[in-house]
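Participant: What follows is entry-v5.cif, made up of mmCIF, C-alpha atoms (C1' of nucleotides) and all ligand atoms:
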```
data_final
#
loop_
_atom_site.label_atom_id
_atom_site.label_comp_id
_atom_site.auth_asym_id
_atom_site.auth_seq_id
_atom_site.Cartn_x
_atom_site.Cartn_y
_atom_site.Cartn_z
CA MET A 141 28.56 -20.32 -20.90
CA GLU A 142 26.02 -22.97 -21.79
CA ILE A 143 26.21 -26.59 -20.73
CA ARG A 144 24.15 -29.61 -21.62
CA ILE A 145 22.16 -31.78 -19.30
CA GLY A 146 24.86 -34.41 -18.85
CA ASP A 147 27.35 -31.83 -17.60
CA LEU A 148 24.77 -30.32 -15.30
CA ALA A 149 24.16 -33.79 -13.91
CA LYS A 150 27.85 -34.23 -13.19
CA ARG A 151 28.18 -30.83 -11.52
CA SER A 152 25.18 -31.38 -9.29
CA GLY A 153 25.69 -35.03 -8.50
CA CYS A 154 22.28 -36.06 -9.74
CA GLU A 155 20.98 -38.05 -12.64
CA VAL A 156 19.96 -36.65 -16.00
CA VAL A 157 16.45 -38.04 -15.64
CA THR A 158 16.13 -36.37 -12.26
CA ILE A 159 16.89 -32.99 -13.77
CA ARG A 160 14.19 -33.49 -16.38
CA TYR A 161 11.87 -34.59 -13.60
CA TYR A 162 12.54 -31.40 -11.64
CA GLU A 163 11.77 -29.40 -14.76
CA LYS A 164 8.47 -31.21 -15.20
CA GLU A 165 7.66 -30.56 -11.54
CA GLY A 166 8.35 -26.85 -11.97
CA LEU A 167 11.39 -26.68 -9.69
CA LEU A 168 13.74 -25.84 -12.52
CA PRO A 169 12.68 -23.36 -15.22
CA LYS A 170 12.56 -24.59 -18.80
CA PRO A 171 15.98 -23.96 -20.29
CA ALA A 172 16.88 -22.70 -23.74
CA ARG A 173 17.26 -25.29 -26.49
CA SER A 174 19.98 -25.87 -29.04
CA GLY A 175 19.35 -26.31 -32.76
CA GLY A 176 19.07 -30.04 -32.21
CA ASN A 177 16.59 -29.56 -29.35
CA PHE A 178 19.08 -30.19 -26.55
CA ARG A 179 18.58 -28.38 -23.25
CA LEU A 180 21.13 -25.62 -22.59
CA TYR A 181 21.77 -24.52 -19.04
CA GLY A 182 23.52 -21.48 -17.57
CA GLU A 183 24.95 -20.39 -14.23
CA ALA A 184 21.56 -19.71 -12.67
CA HIS A 185 20.35 -23.25 -13.38
CA ILE A 186 23.48 -24.75 -11.87
CA GLU A 187 23.11 -22.82 -8.68
CA ARG A 188 19.39 -23.53 -8.40
CA LEU A 189 19.90 -27.24 -8.89
CA GLN A 190 22.63 -27.31 -6.26
CA PHE A 191 20.24 -25.60 -3.88
CA ILE A 192 17.61 -28.23 -4.61
CA ARG A 193 20.03 -31.11 -4.17
CA HIS A 194 21.27 -29.66 -0.92
CA CYS A 195 17.73 -29.45 0.41
CA ARG A 196 17.09 -33.01 -0.75
CA SER A 197 20.19 -34.21 1.09
CA LEU A 198 18.53 -32.74 4.18
CA ASP A 199 15.48 -34.92 3.51
CA MET A 200 13.20 -32.08 2.53
CA THR A 201 10.30 -32.99 0.27
CA LEU A 202 9.96 -31.43 -3.16
CA SER A 203 7.00 -29.50 -1.83
CA GLU A 204 9.09 -27.99 0.96
CA ILE A 205 11.77 -27.15 -1.54
CA ARG A 206 9.24 -25.59 -3.86
CA ALA A 207 8.18 -23.33 -1.01
CA LEU A 208 11.77 -22.33 -0.27
CA LEU A 209 12.44 -21.62 -3.93
CA GLY A 210 9.33 -19.50 -4.06
CA LEU A 211 10.61 -17.43 -1.17
CA ARG A 212 14.04 -17.21 -2.72
CA ASP A 213 12.49 -15.89 -5.91
CA ASN A 214 10.92 -12.95 -4.03
CA PRO A 215 13.89 -11.56 -2.13
CA MET A 216 12.07 -8.60 -0.61
CA GLN A 217 9.83 -10.67 1.65
CA ASP A 218 10.35 -11.18 5.33
CA CYS A 219 12.27 -14.36 6.02
CA GLY A 220 10.00 -15.53 8.83
CA GLU A 221 8.50 -18.23 6.64
CA VAL A 222 11.90 -19.69 5.98
CA ASN A 223 12.40 -20.14 9.69
CA THR A 224 8.97 -21.63 10.15
CA LEU A 225 9.54 -24.15 7.42
CA LEU A 226 12.95 -25.12 8.72
CA GLU A 227 11.64 -25.47 12.25
CA ALA A 228 8.82 -27.74 11.11
CA HIS A 229 11.27 -29.86 9.15
CA ILE A 230 13.60 -30.22 12.14
CA GLN A 231 10.70 -31.38 14.23
CA GLN A 232 9.74 -33.98 11.65
CA VAL A 233 13.29 -35.31 11.68
CA GLU A 234 13.31 -35.43 15.47
CA MET A 235 10.06 -37.33 15.54
CA ARG A 236 11.31 -39.82 13.02
CA VAL A 237 14.51 -40.35 15.00
CA SER A 238 12.72 -41.01 18.26
CA ALA A 239 10.30 -43.38 16.54
CA LEU A 240 13.23 -45.27 15.06
CA LEU A 241 15.04 -45.43 18.39
CA GLN A 242 12.03 -46.83 20.13
CA LEU A 243 11.60 -49.36 17.37
CA LYS A 244 15.25 -50.30 17.66
CA ARG A 245 14.93 -50.98 21.40
CA HIS A 246 12.11 -53.30 20.52
CA LEU A 247 14.19 -55.08 17.89
CA VAL A 248 17.18 -55.49 20.18
CA ASP A 249 14.92 -56.87 22.84
CA LEU A 250 13.62 -59.38 20.33
CA ARG A 251 17.13 -60.41 19.38
CA GLU A 252 17.80 -61.52 22.95
CA LYS A 253 14.96 -63.98 22.77
CA CYS A 254 16.81 -66.48 20.64
CA SER A 255 19.36 -68.31 22.73
CA GLY A 256 21.10 -69.96 19.80
CA SER A 257 20.51 -72.38 16.99
CA ARG A 258 17.25 -74.20 17.45
CA SER A 259 14.26 -75.05 15.35
CA VAL A 260 12.23 -72.23 13.91
CA GLU A 261 9.26 -73.54 15.82
CA ALA A 262 10.93 -72.95 19.16
CA CYS A 263 12.62 -69.68 18.25
CA GLY A 264 11.81 -66.93 20.70
CA ILE A 265 12.16 -64.27 18.03
CA LEU A 266 9.35 -65.59 15.88
CA GLN A 267 7.24 -66.17 18.96
CA GLY A 268 7.96 -62.66 20.12
CA LEU A 269 6.90 -61.35 16.74
CA GLY A 270 3.65 -63.23 17.07
CA ASN A 271 2.54 -62.24 20.53
CA CYS A 272 4.15 -59.22 22.02
CA ASN A 273 4.12 -57.69 25.47
CA TYR A 274 5.57 -54.38 24.43
CA HIS A 275 2.33 -52.73 23.41
CA GLY A 276 -0.59 -52.24 25.78
CA GLU A 277 -3.24 -54.26 23.95
CA SER A 278 -2.65 -55.33 20.38
CA ALA A 279 0.03 -54.42 17.92
CA THR A 280 -1.28 -51.30 16.24
CA ASN A 281 1.10 -49.47 14.04
CA SER A 282 2.64 -46.07 14.68
CA GLN A 283 4.14 -45.57 11.31
CA THR A 284 5.45 -42.32 9.87
CA SER A 285 6.85 -42.04 6.41
CA GLY A 286 10.58 -41.67 6.12
CA MET B 87 -15.58 -69.17 13.93
CA GLU B 88 -15.53 -67.19 10.70
CA ILE B 89 -15.29 -63.44 10.48
CA ARG B 90 -15.51 -61.03 7.58
CA ILE B 91 -12.87 -58.69 6.34
CA GLY B 92 -14.17 -55.68 8.25
CA ASP B 93 -13.89 -57.47 11.58
CA LEU B 94 -10.44 -58.73 10.72
CA ALA B 95 -9.46 -55.16 9.95
CA LYS B 96 -10.67 -54.02 13.37
CA ARG B 97 -8.88 -56.80 15.18
CA SER B 98 -5.59 -56.18 13.45
CA GLY B 99 -5.70 -52.41 13.35
CA CYS B 100 -5.29 -52.22 9.62
CA GLU B 101 -7.47 -51.19 6.73
CA VAL B 102 -9.67 -53.51 4.71
CA VAL B 103 -7.90 -52.60 1.51
CA THR B 104 -4.57 -53.41 3.10
CA ILE B 105 -5.75 -56.92 3.92
CA ARG B 106 -6.77 -57.45 0.32
CA TYR B 107 -3.41 -56.03 -0.74
CA TYR B 108 -1.56 -58.55 1.47
CA GLU B 109 -3.58 -61.31 -0.09
CA LYS B 110 -2.66 -60.16 -3.57
CA GLU B 111 1.00 -60.02 -2.51
CA GLY B 112 0.85 -63.56 -1.21
CA LEU B 113 1.39 -62.77 2.47
CA LEU B 114 -2.07 -63.93 3.45
CA PRO B 115 -3.52 -67.12 1.92
CA LYS B 116 -6.74 -66.82 -0.03
CA PRO B 117 -9.57 -67.31 2.43
CA ALA B 118 -12.81 -69.22 1.99
CA ARG B 119 -15.77 -67.36 0.49
CA SER B 120 -19.35 -67.05 1.60
CA GLY B 121 -22.31 -67.63 -0.67
CA GLY B 122 -22.28 -63.96 -1.53
CA ASN B 123 -18.56 -64.07 -2.34
CA PHE B 124 -17.41 -62.42 0.90
CA ARG B 125 -14.04 -63.41 2.33
CA LEU B 126 -14.29 -65.53 5.49
CA TYR B 127 -11.37 -65.63 7.89
CA GLY B 128 -10.49 -67.92 10.76
CA GLU B 129 -8.12 -67.95 13.72
CA ALA B 130 -5.04 -68.70 11.64
CA HIS B 131 -5.61 -65.67 9.44
CA ILE B 132 -6.04 -63.40 12.43
CA GLU B 133 -2.82 -64.54 13.99
CA ARG B 134 -0.90 -64.32 10.72
CA LEU B 135 -2.11 -60.81 10.05
CA GLN B 136 -1.16 -59.70 13.55
CA PHE B 137 2.29 -61.12 12.94
CA ILE B 138 2.55 -59.15 9.72
CA ARG B 139 1.35 -55.92 11.31
CA HIS B 140 3.77 -56.34 14.16
CA CYS B 141 6.65 -56.73 11.75
CA ARG B 142 5.44 -53.70 9.82
CA SER B 143 5.36 -51.66 13.01
CA LEU B 144 9.05 -52.55 13.29
CA ASP B 145 9.60 -51.05 9.84
CA MET B 146 10.27 -54.34 8.12
CA THR B 147 9.57 -54.46 4.42
CA LEU B 148 7.01 -56.83 3.00
CA SER B 149 9.85 -58.78 1.46
CA GLU B 150 11.50 -59.24 4.86
CA ILE B 151 8.16 -60.27 6.29
CA ARG B 152 7.61 -62.69 3.45
CA ALA B 153 10.90 -64.34 4.34
CA LEU B 154 9.96 -64.60 8.01
CA LEU B 155 6.58 -66.08 7.15
CA GLY B 156 8.29 -68.57 4.89
CA LEU B 157 10.47 -69.68 7.79
CA ARG B 158 7.51 -69.78 10.12
CA ASP B 159 5.70 -72.06 7.70
CA ASN B 160 8.51 -74.60 7.87
CA PRO B 161 8.92 -75.04 11.62
CA MET B 162 11.54 -77.79 11.46
CA GLN B 163 14.26 -75.59 10.01
CA ASP B 164 17.13 -74.14 11.94
CA CYS B 165 16.33 -70.63 13.13
CA GLY B 166 19.67 -69.16 12.12
CA GLU B 167 18.10 -67.33 9.21
CA VAL B 168 15.68 -65.59 11.53
CA ASN B 169 18.59 -64.19 13.50
CA THR B 170 20.41 -63.15 10.36
CA LEU B 171 17.39 -61.31 9.04
CA LEU B 172 16.74 -59.56 12.33
CA GLU B 173 20.38 -58.55 12.66
CA ALA B 174 20.40 -57.08 9.17
CA HIS B 175 17.24 -55.15 9.91
CA ILE B 176 18.64 -53.73 13.15
CA GLN B 177 21.68 -52.54 11.26
CA GLN B 178 19.52 -50.83 8.68
CA VAL B 179 17.64 -49.03 11.42
CA GLU B 180 20.89 -47.98 13.07
CA MET B 181 22.21 -46.63 9.80
CA ARG B 182 19.07 -44.68 9.19
CA VAL B 183 19.16 -43.21 12.68
CA SER B 184 22.74 -42.04 12.38
CA ALA B 185 22.05 -40.57 8.96
CA LEU B 186 19.10 -38.67 10.38
CA LEU B 187 21.09 -37.43 13.38
CA GLN B 188 23.84 -36.10 11.15
CA LEU B 189 21.26 -34.43 8.98
CA LYS B 190 19.65 -32.92 12.05
CA ARG B 191 22.93 -31.40 13.22
CA HIS B 192 23.19 -29.81 9.82
CA LEU B 193 19.65 -28.46 10.04
CA VAL B 194 20.13 -27.06 13.54
CA ASP B 195 23.33 -25.42 12.40
CA LEU B 196 21.41 -23.81 9.56
CA ARG B 197 18.76 -22.53 11.93
CA GLU B 198 21.37 -20.51 13.81
CA LYS B 199 22.22 -18.61 10.68
CA CYS B 200 19.14 -16.44 10.73
CA SER B 201 19.47 -13.81 13.40
CA GLY B 202 15.85 -12.69 13.23
CA SER B 203 13.35 -11.17 10.91
CA ARG B 204 15.02 -9.78 7.85
CA SER B 205 14.52 -9.91 4.13
CA VAL B 206 14.68 -13.25 2.42
CA GLU B 207 17.55 -11.96 0.37
CA ALA B 208 19.74 -11.45 3.43
CA CYS B 209 18.61 -14.55 5.29
CA GLY B 210 21.51 -16.72 6.36
CA ILE B 211 19.43 -19.87 6.11
CA LEU B 212 18.72 -19.55 2.42
CA GLN B 213 22.31 -18.54 1.81
CA GLY B 214 23.47 -21.52 3.80
CA LEU B 215 21.27 -23.79 1.70
CA GLY B 216 22.84 -22.34 -1.41
CA ASN B 217 26.52 -22.62 -0.59
CA CYS B 218 27.47 -24.90 2.19
CA ASN B 219 30.70 -25.53 4.07
CA TYR B 220 29.57 -28.77 5.66
CA HIS B 221 30.50 -31.05 2.81
CA GLY B 222 34.02 -31.37 1.45
CA GLU B 223 33.50 -30.09 -2.09
CA SER B 224 29.99 -29.73 -3.41
CA ALA B 225 26.68 -30.88 -2.03
CA THR B 226 26.44 -34.45 -3.23
CA ASN B 227 23.70 -36.52 -1.79
CA SER B 228 24.00 -39.37 0.67
CA GLN B 229 20.43 -40.50 0.63
CA THR B 230 19.08 -43.72 2.03
CA SER B 231 15.49 -44.69 1.72
CA GLY B 232 13.48 -44.67 4.88
"C1'" DA C 290 -39.64 -52.43 0.91
"C1'" DA C 291 -36.25 -49.08 1.59
"C1'" DA C 292 -32.15 -47.38 3.52
"C1'" DA C 293 -27.84 -47.97 5.44
"C1'" DT C 294 -23.81 -50.52 5.78
"C1'" DC C 295 -20.63 -53.72 4.15
"C1'" DT C 296 -18.25 -56.07 0.50
"C1'" DC C 297 -16.72 -57.00 -4.27
"C1'" DT C 298 -13.46 -55.94 -8.46
"C1'" DA C 299 -10.81 -52.91 -11.05
"C1'" DT C 300 -8.28 -48.88 -11.74
"C1'" DA C 301 -5.61 -44.71 -10.74
"C1'" DG C 302 -2.91 -41.88 -7.60
"C1'" DT C 303 0.91 -41.00 -4.01
"C1'" DC C 304 6.38 -39.70 -3.78
"C1'" DA C 305 10.74 -39.16 -5.78
"C1'" DC C 306 12.56 -41.14 -8.52
"C1'" DT C 307 14.39 -45.47 -11.81
"C1'" DA C 308 14.16 -48.17 -15.97
"C1'" DT C 309 13.06 -49.00 -20.68
"C1'" DA C 310 12.04 -48.35 -25.68
"C1'" DG C 311 12.74 -46.19 -29.85
"C1'" DA C 312 14.24 -42.25 -32.30
"C1'" DG C 313 17.15 -38.19 -33.12
"C1'" DT C 314 21.87 -35.40 -32.65
"C1'" DC C 315 26.62 -34.76 -32.64
"C1'" DA C 316 31.81 -35.52 -32.58
"C1'" DA C 317 35.46 -38.60 -33.80
"C1'" DG C 318 37.60 -42.13 -36.49
"C1'" DT C 319 38.25 -44.63 -40.93
"C1'" DA D 251 31.03 -40.18 -46.86
"C1'" DC D 252 30.12 -43.57 -43.59
"C1'" DT D 253 30.06 -45.74 -39.34
"C1'" DT D 254 30.64 -45.97 -34.58
"C1'" DG D 255 29.73 -44.41 -30.14
"C1'" DA D 256 28.26 -41.21 -26.77
"C1'" DC D 257 24.82 -38.22 -25.75
"C1'" DT D 258 20.05 -36.49 -25.91
"C1'" DC D 259 15.02 -36.49 -26.88
"C1'" DT D 260 9.94 -37.99 -25.62
"C1'" DA D 261 6.85 -41.14 -23.72
"C1'" DT D 262 5.61 -44.80 -20.83
"C1'" DA D 263 5.81 -48.15 -17.06
"C1'" DG D 264 7.63 -49.74 -12.61
"C1'" DT D 265 9.07 -49.16 -7.50
"C1'" DG D 266 6.86 -49.85 -2.26
"C1'" DA D 267 3.17 -49.91 0.60
"C1'" DC D 268 -0.33 -48.42 0.48
"C1'" DT D 269 -4.71 -44.75 -0.38
"C1'" DA D 270 -8.63 -43.21 -3.04
"C1'" DT D 271 -12.32 -43.77 -6.23
"C1'" DA D 272 -16.10 -45.76 -9.07
"C1'" DG D 273 -19.74 -48.74 -9.78
"C1'" DA D 274 -21.96 -52.90 -8.64
"C1'" DG D 275 -23.68 -56.58 -5.54
"C1'" DA D 276 -24.72 -58.60 -0.57
"C1'" DT D 277 -26.41 -58.15 3.91
"C1'" DT D 278 -28.43 -55.93 7.82
"C1'" DT D 279 -31.39 -52.62 9.92
"C1'" DT D 280 -35.45 -49.83 10.00
ZN ZN E 401 16.04 -68.64 17.32
ZN ZN E 402 5.68 -55.56 19.77
ZN ZN E 403 16.27 -15.29 8.09
ZN ZN E 404 25.30 -28.74 3.41
#
```
Using the file provided, produce a representation of the structure as structure tokens.
Facilitator:
Amino acid sequence: MEIRIGDLAKRSGCEVVTIRYYEKEGLLPKPARSGGNFRLYGEAHIERLQFIRHCRSLDMTLSEIRALLGLRDNPMQDCGEVNTLLEAHIQQVEMRVSALLQLKRHLVDLREKCSGSRSVEACGILQGLGNCNYHGESATNSQTSG
Amino acid sequence: MEIRIGDLAKRSGCEVVTIRYYEKEGLLPKPARSGGNFRLYGEAHIERLQFIRHCRSLDMTLSEIRALLGLRDNPMQDCGEVNTLLEAHIQQVEMRVSALLQLKRHLVDLREKCSGSRSVEACGILQGLGNCNYHGESATNSQTSG
DNA sequence: AAAATCTCTATAGTCACTATAGAGTCAAGT
DNA sequence: ACTTGACTCTATAGTGACTATAGAGATTTT
């Protein structure tokens, strides 16, 4: 049972170019080729790609996924590392959520400052964006990548 | 009162290169130059950059900020657009938060599946990442950029 | 005068893709 | 046999908001 890249894309819900990208990044092994140089995939590829896409839907980076795949490829190891990685990822998600919630409180607070349709000059939102009392001193950023 | 780019960076809590980047992107106007071709900034630049950094700390994109600056530069307009933009941004943040919370439930659920130190092969986490019962059919992605 | 610090421009890299160009392959219809 | 269309191939550039680097020039400190 050999399928081409387009079918694999349909089965895994990801784009053809993305599959080629994963191959280039070493997440998917290089598949066999047809006479006309088309990639030919089998069951193992399908399953591996679904694993990758599932991890991606959980916001894992390709580097995290690479680590998980590496563990999966050596089934005799202790699974402690899997737990460690998952735990670290959960914490990252938690941190991002609390950062976003804090930021949202700030935004909602700003929204209150405009009491209706006035001139931009007098708008409390723009003023609030200019000089803010939320942060201790000046507006330094506390940005984390999403 | 004219300061150089390094001082502006300190005052605004952002990197020198970032200031030059904002200039290239048209968010900051081109400043005057010294005899030795150094950028010289005044009060208006400082305030504008603080505005930008504040917006960035609220996760606004440069394109959103550009729009706000455009409004700010025409103070006679009605401020309705400011409200619209802020509202849309709040909704984006809310969507991102709920997506992350759902994803976190999924991750926590996965964490339960490993009952301790075993072989990778038998680990419930890796198995759970392979075939999942969370999603209706197969693991399609529901990604939003963060 | 020399050394250290700051600034300049230009270019490439990050991440996980997305988009495009131009050529080759294959199955179906005429 | 020929054309059409759908699919695939490689290679390259673009996205967003920066970060990192190289090599040169300006200014300040010692
Ligand atoms: Zn207003
Ligand atoms: Zn603030
Ligand atoms: Zn386990
Ligand atoms: Zn799942």
Participant: With distances taken over only C-alpha atoms and all ligand atoms, which residue among B:Glu111, B:Asp145, B:Asp93, B:Glu101 lies nearest ligand ZN 402 (chain E)?
Facilitator: B:Asp145
Participant: For the contact check between chain D and segment 291-311 of chain C, emit one row per residue of chain D within 8 Å, containing the shortest atom pair and the distance in Å rounded to one decimal, counting all atoms listed in the file, chain then rising number order, as JSON lines.
Facilitator:
```
{"residue": "D:DG264", "atom": "C1'", "partner": "C:DA308", "partner_atom": "C1'", "distance": 7.5}
{"residue": "D:DT265", "atom": "C1'", "partner": "C:DT307", "partner_atom": "C1'", "distance": 7.8}
{"residue": "D:DT269", "atom": "C1'", "partner": "C:DT303", "partner_atom": "C1'", "distance": 7.7}
{"residue": "D:DA270", "atom": "C1'", "partner": "C:DG302", "partner_atom": "C1'", "distance": 7.4}
{"residue": "D:DA274", "atom": "C1'", "partner": "C:DC297", "partner_atom": "C1'", "distance": 8.0}
{"residue": "D:DG275", "atom": "C1'", "partner": "C:DC297", "partner_atom": "C1'", "distance": 7.1}
{"residue": "D:DA276", "atom": "C1'", "partner": "C:DT296", "partner_atom": "C1'", "distance": 7.0}
{"residue": "D:DT277", "atom": "C1'", "partner": "C:DC295", "partner_atom": "C1'", "distance": 7.3}
{"residue": "D:DT278", "atom": "C1'", "partner": "C:DT294", "partner_atom": "C1'", "distance": 7.4}
{"residue": "D:DT279", "atom": "C1'", "partner": "C:DA293", "partner_atom": "C1'", "distance": 7.4}
{"residue": "D:DT280", "atom": "C1'", "partner": "C:DA292", "partner_atom": "C1'", "distance": 7.7}
```
Participant: Would you tabulate, counting only C-alpha atoms (C1' of nucleotides), all residues of chain A that have an atom at most 10 Å from an atom of chain D, showing the closest pair of atoms and their distance in Å to one decimal, sorted by chain then ascending number, as JSON lines?
Facilitator:
```
{"residue": "A:Arg144", "atom": "CA", "partner": "D:DT258", "partner_atom": "C1'", "distance": 9.1}
{"residue": "A:Ile145", "atom": "CA", "partner": "D:DT258", "partner_atom": "C1'", "distance": 8.4}
{"residue": "A:Gly146", "atom": "CA", "partner": "D:DC257", "partner_atom": "C1'", "distance": 7.9}
{"residue": "A:Val156", "atom": "CA", "partner": "D:DT258", "partner_atom": "C1'", "distance": 9.9}
{"residue": "A:Gly176", "atom": "CA", "partner": "D:DT258", "partner_atom": "C1'", "distance": 9.1}
{"residue": "A:Asn177", "atom": "CA", "partner": "D:DC259", "partner_atom": "C1'", "distance": 7.5}
{"residue": "A:Phe178", "atom": "CA", "partner": "D:DT258", "partner_atom": "C1'", "distance": 6.4}
{"residue": "A:Arg179", "atom": "CA", "partner": "D:DT258", "partner_atom": "C1'", "distance": 8.7}
```
Participant: From the list A:Ala207, A:Leu247, A:Ala184, A:Leu202, which residue is nearest chain C when using only C-alpha atoms (C1' of nucleotides)?
Facilitator: A:Leu202
Participant: Would you compute the distance between atom CA of Tyr220 of chain B and atom CA of Ile143 of chain A? Give it in Å to one decimal.
Facilitator: 26.7 Å
Participant: List as JSON, numbers by chain the protein and nucleic acid residues lying within 8 Å of ligand ZN 404 (chain E), with all atoms listed in the file counted.
Facilitator: {"A": [194, 197, 198], "B": [192, 214, 215, 217, 218, 219, 220, 221, 225]}
Participant: Kindly give the distance, in Å, that separates atom CA of Gly216 of chain B and atom CA of Ser152 of chain A, rounded to a single decimal.
Facilitator: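 Separating atom CA of Gly216 of chain B from atom CA of Ser152 of chain A is a distance of 12.2 Å.
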Participant: Please identify the residues whose atoms come within 8 Å of ligand ZN 401 (chain E), using all atoms listed in the file, and report them as a count of residues only.
Facilitator: 18
Participant: Of the candidates A:Gln242, A:Gln217, A:Gln267, A:Gln231, which shows the shortest atom-to-atom distance to chain B, using all atoms listed in the file?
Facilitator: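 Distance minimum relative to chain B lands on A:Gln217.
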Participant: Just give me the gap between atom CA of Thr170 of chain B and atom CA of Leu240 of chain A in Å, one decimal is fine.
Facilitator: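 Going from atom CA of Thr170 of chain B over to atom CA of Leu240 of chain A, I get 19.8 Å.
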Participant: Using all atoms listed in the file, find the one residue out of A:Pro215, A:Pro169, A:Gly175, A:Gly153 that sits nearest to chain C.
Facilitator: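 Ranking A:Pro215, A:Pro169, A:Gly175, A:Gly153 by distance to chain C, first place goes to A:Gly175.
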Participant: Need the shell around His131 of chain B: protein/DNA/RNA residues with any atom at most 12 Å away, counting all atoms listed in the file. Skip same-chain ones fewer than 4 positions apart. Format as a PyMOL selection string?
Facilitator: chain B and resi 87-91+93-95+97-98+105+108-109+113-118+125-127+135-138
